[in-house]
Amino acid sequence: MANIRLGVFIGRFQPPTKAHEAILRQIHMENDHAAVLVGSNNRARSIRNPFTAEERRTMLMEVLPKTGASSTVSGISDYTYNINDWVKNIQAKIGGIAAEIPGKNNNIKITLYGFFKDNSSYYLNHFPQWELRTLDEQENGLSSTDVRKILYEMPYMTKENIQKSVTELAKILNPKILERVMSFTEEECFKRIADENRFIIDYKSKWASAPYPPTFDIVNAIVIRNEHILLIKRGKAPGRDLLAIPGGFLSQTEFIRNGTVRKLKDETGIEISDEILNKAFVKVKTYDDPYRDHRGRFIAHVHFYNLDAFSDSIQPGLSGVCTAAGETLWMPLAEFYNKACEFYSDHWMIIYNMLSEK
């Protein structure tokens, strides 16, 4: 039986660049079908992920080669701290795509395409059953990161400099993508992201004279009660209006557990004794994705509390309470799993990881 060749390309495409297009052209020339998987499908808009999965899918469909292989473009979710779930999701997605290819009774040879750009390319080693085609840097290394840096400065530029920036973007982006990207800069959500990027630049400038990049210890508290989770809706940048785990910076004069309790009470207004919290404590884990916070290297020490046995010791209500951190709410766990795109940073992934190990 003849082999059917299936080429797989995984990326965030924030946004798709000419370098991505070059890889897509190669995949279409060398395969019968191309599967393009759009990552970070379950992320809120942010500096690193300004475009939604559907927006990126639309852009990719516009620039896919019109000859050669047939194509499927599909979204995939991030599971930063549950890599096995992510791998299974990819395998299931590709299995479903392969099953739909005409002539599926033939053997299907799967090849994963990519290049080792940096430590974010680790995923290429997670599919040993597929052939790996490592590629050289494409289009002089012009990247989506370059595009985003230019875009976020444009609201603060003169008209002359904006035109120069558009000229630079035209070197990186297909004209169809450039048109969509420039249209995006007129939207309110882009202006919020650009303002947040300026906030991050100002924030980092305060540490510019440090002898080495600082690392920050963060303490967070996941609190579960009767199939609900205690959250806040952030009231300020970064991540204004996004859902988050209560927490914040650890003081230099306190133990990690004490800092967690302090931030929990300060940020949610919950009235509960330290004694009960100690009894409700289940576990603590460290979460250290290097890209988890735009402000710098933020290492989170996340404590898990289950208050099911202490419900009578907690004041009723609490949802809607406003503190300096934002608005407090109890979210049903049944809703949580469908709300990933409403969470700040990696907070949904952290909760998912904690709950999966209960």
# chains A, B, ... in the order shown; residues from 1 in each chain; ligands from 1

call {"tool": "residues_around", "arguments": {"residues": "Ile172 of chain A", "least_positions_apart": "4", "cutoff": "9 Å", "atoms": "only C-alpha atoms", "output": "ChimeraX atom specification"}}
result
/A:17-19,139,142-144,146-147,168,178

call {"tool": "select_by_dssp", "arguments": {"residues": "segment 57-165 of chain A", "states": "helix (DSSP H, G or I)", "output": "PyMOL selection string"}}
result
chain A and resi 57-63+83-100+119-126+139-141+144-156+159-165

call {"tool": "residues_around", "arguments": {"residues": "Val284 of chain A", "least_positions_apart": "6", "cutoff": "8 Å", "atoms": "only C-alpha atoms", "output": "count of residues only"}}
result
4

call {"tool": "residues_around", "arguments": {"residues": "Ile47 of chain A", "least_positions_apart": "2", "cutoff": "6 Å", "atoms": "only C-alpha atoms", "output": "PyMOL selection string"}}
result
chain A and resi 49-50+193

call {"tool": "closest_residue", "arguments": {"among": "A:Gly269, A:Pro332, A:Pro128, A:Pro155", "to": "Met182 of chain A", "atoms": "only C-alpha atoms"}}
result
A:Pro155

call {"tool": "closest_residue", "arguments": {"among": "A:Ile23, A:Cys341, A:Met154, A:Val282", "to": "Ile222 of chain A", "atoms": "only C-alpha atoms"}}
result
A:Val282

call {"tool": "residues_around", "arguments": {"residues": "Phe216 of chain A", "least_positions_apart": "2", "cutoff": "9 Å", "atoms": "only C-alpha atoms", "output": "list in words"}}
result
Pro214, Ile218, Phe249, Leu250, Gly296, Arg297, Phe298, Ile299 and Ala300 of chain A

call {"tool": "residues_around", "arguments": {"residues": "Asp136 of chain A", "least_positions_apart": "6", "cutoff": "9 Å", "atoms": "only C-alpha atoms", "output": "MDAnalysis selection string"}}
result
chainID A and resid 114:116

call {"tool": "select_by_dssp", "arguments": {"residues": "segment 174-285 of chain A", "states": "strand (DSSP E or B)", "output": "ChimeraX atom specification"}}
result
/A:215-225,228-234,243-244,247-249,281-285

call {"tool": "write_last_selection", "arguments": {"atoms": "C-alpha atoms", "output": "PDB file, in the first residue's frame"}}
result
ATOM      1  CA  THR A 215      13.596  36.893  40.512  1.00  0.00           C
ATOM      2  CA  PHE A 216      10.371  37.399  42.462  1.00  0.00           C
ATOM      3  CA  ASP A 217       8.658  34.982  44.847  1.00  0.00           C
ATOM      4  CA  ILE A 218       4.867  35.036  44.571  1.00  0.00           C
ATOM      5  CA  VAL A 219       2.416  33.381  46.977  1.00  0.00           C
ATOM      6  CA  ASN A 220      -1.061  32.252  45.862  1.00  0.00           C
ATOM      7  CA  ALA A 221      -3.964  30.439  47.498  1.00  0.00           C
ATOM      8  CA  ILE A 222      -6.364  28.118  45.709  1.00  0.00           C
ATOM      9  CA  VAL A 223      -9.419  27.778  47.947  1.00  0.00           C
ATOM     10  CA  ILE A 224     -12.107  25.175  47.213  1.00  0.00           C
ATOM     11  CA  ARG A 225     -15.469  25.049  48.973  1.00  0.00           C
ATOM     12  CA  HIS A 228     -16.624  26.273  44.058  1.00  0.00           C
ATOM     13  CA  ILE A 229     -13.281  28.045  43.756  1.00  0.00           C
ATOM     14  CA  LEU A 230     -12.435  31.447  45.223  1.00  0.00           C
ATOM     15  CA  LEU A 231     -11.120  33.870  42.581  1.00  0.00           C
ATOM     16  CA  ILE A 232     -10.580  37.551  41.993  1.00  0.00           C
ATOM     17  CA  LYS A 233     -11.197  39.640  38.908  1.00  0.00           C
ATOM     18  CA  ARG A 234      -8.082  41.780  38.660  1.00  0.00           C
ATOM     19  CA  LEU A 243      -9.716  36.179  36.531  1.00  0.00           C
ATOM     20  CA  ALA A 244      -6.868  35.191  38.832  1.00  0.00           C
ATOM     21  CA  GLY A 247      -2.037  36.180  45.840  1.00  0.00           C
ATOM     22  CA  GLY A 248       0.883  38.531  45.469  1.00  0.00           C
ATOM     23  CA  PHE A 249       4.425  39.320  46.478  1.00  0.00           C
ATOM     24  CA  PHE A 281      -4.341  22.944  53.944  1.00  0.00           C
ATOM     25  CA  VAL A 282      -3.833  20.124  51.412  1.00  0.00           C
ATOM     26  CA  LYS A 283      -0.593  20.781  49.548  1.00  0.00           C
ATOM     27  CA  VAL A 284       1.754  23.378  48.086  1.00  0.00           C
ATOM     28  CA  LYS A 285       3.421  23.356  44.660  1.00  0.00           C
TER      29      LYS A 285
END

call {"tool": "closest_residue", "arguments": {"among": "A:Ala35, A:Ile94, A:Ile10, A:Ile177", "to": "Tyr122 of chain A", "atoms": "only C-alpha atoms"}}
result
A:Ile10

call {"tool": "residues_around", "arguments": {"residues": "segment 36-39 of chain A", "least_positions_apart": "5", "cutoff": "10 Å", "atoms": "only C-alpha atoms", "output": "VMD selection string"}}
result
chain A and resid 7 to 14 24 27 49 52 to 54 56 to 57 60 to 61 64 71 to 78 90 93 to 94

call {"tool": "write_last_selection", "arguments": {"atoms": "C-alpha atoms", "output": "PDB file, in the first residue's frame"}}
result
ATOM      1  CA  GLY A   7       2.913  17.038   7.543  1.00  0.00           C
ATOM      2  CA  VAL A   8       2.284  18.600  10.969  1.00  0.00           C
ATOM      3  CA  PHE A   9       3.170  22.176  11.890  1.00  0.00           C
ATOM      4  CA  ILE A  10       2.551  23.434  15.455  1.00  0.00           C
ATOM      5  CA  GLY A  11       2.865  27.108  16.366  1.00  0.00           C
ATOM      6  CA  ARG A  12       1.330  30.096  18.086  1.00  0.00           C
ATOM      7  CA  PHE A  13       1.397  32.257  14.939  1.00  0.00           C
ATOM      8  CA  GLN A  14       1.087  35.535  16.868  1.00  0.00           C
ATOM      9  CA  LEU A  24       3.997  25.932   5.016  1.00  0.00           C
ATOM     10  CA  ILE A  27       5.124  21.143   3.942  1.00  0.00           C
ATOM     11  CA  ASN A  49      -0.830  36.354  22.690  1.00  0.00           C
ATOM     12  CA  THR A  52      -7.427  34.876  19.342  1.00  0.00           C
ATOM     13  CA  ALA A  53      -7.218  31.379  17.912  1.00  0.00           C
ATOM     14  CA  GLU A  54      -9.986  32.136  15.425  1.00  0.00           C
ATOM     15  CA  ARG A  56      -5.010  33.397  13.680  1.00  0.00           C
ATOM     16  CA  ARG A  57      -6.840  30.570  11.946  1.00  0.00           C
ATOM     17  CA  LEU A  60      -3.470  31.267   8.122  1.00  0.00           C
ATOM     18  CA  MET A  61      -6.297  30.207   5.807  1.00  0.00           C
ATOM     19  CA  LEU A  64      -1.966  28.755   2.821  1.00  0.00           C
ATOM     20  CA  SER A  71      -4.879  21.520   4.581  1.00  0.00           C
ATOM     21  CA  THR A  72      -6.524  21.462   7.993  1.00  0.00           C
ATOM     22  CA  VAL A  73      -6.084  24.345  10.435  1.00  0.00           C
ATOM     23  CA  SER A  74      -7.181  23.597  13.987  1.00  0.00           C
ATOM     24  CA  GLY A  75      -6.748  25.103  17.457  1.00  0.00           C
ATOM     25  CA  ILE A  76      -5.058  23.389  20.418  1.00  0.00           C
ATOM     26  CA  SER A  77      -5.081  24.386  24.072  1.00  0.00           C
ATOM     27  CA  ASP A  78      -2.120  24.967  26.380  1.00  0.00           C
ATOM     28  CA  ILE A  90      -2.143  16.714  19.881  1.00  0.00           C
ATOM     29  CA  LYS A  93      -6.196  15.861  17.031  1.00  0.00           C
ATOM     30  CA  ILE A  94      -3.805  14.418  14.445  1.00  0.00           C
TER      31      ILE A  94
END

call {"tool": "atom_distance", "arguments": {"atom1": "atom CA of Leu112 of chain A", "atom2": "atom CA of Pro290 of chain A"}}
result
25.1 Å
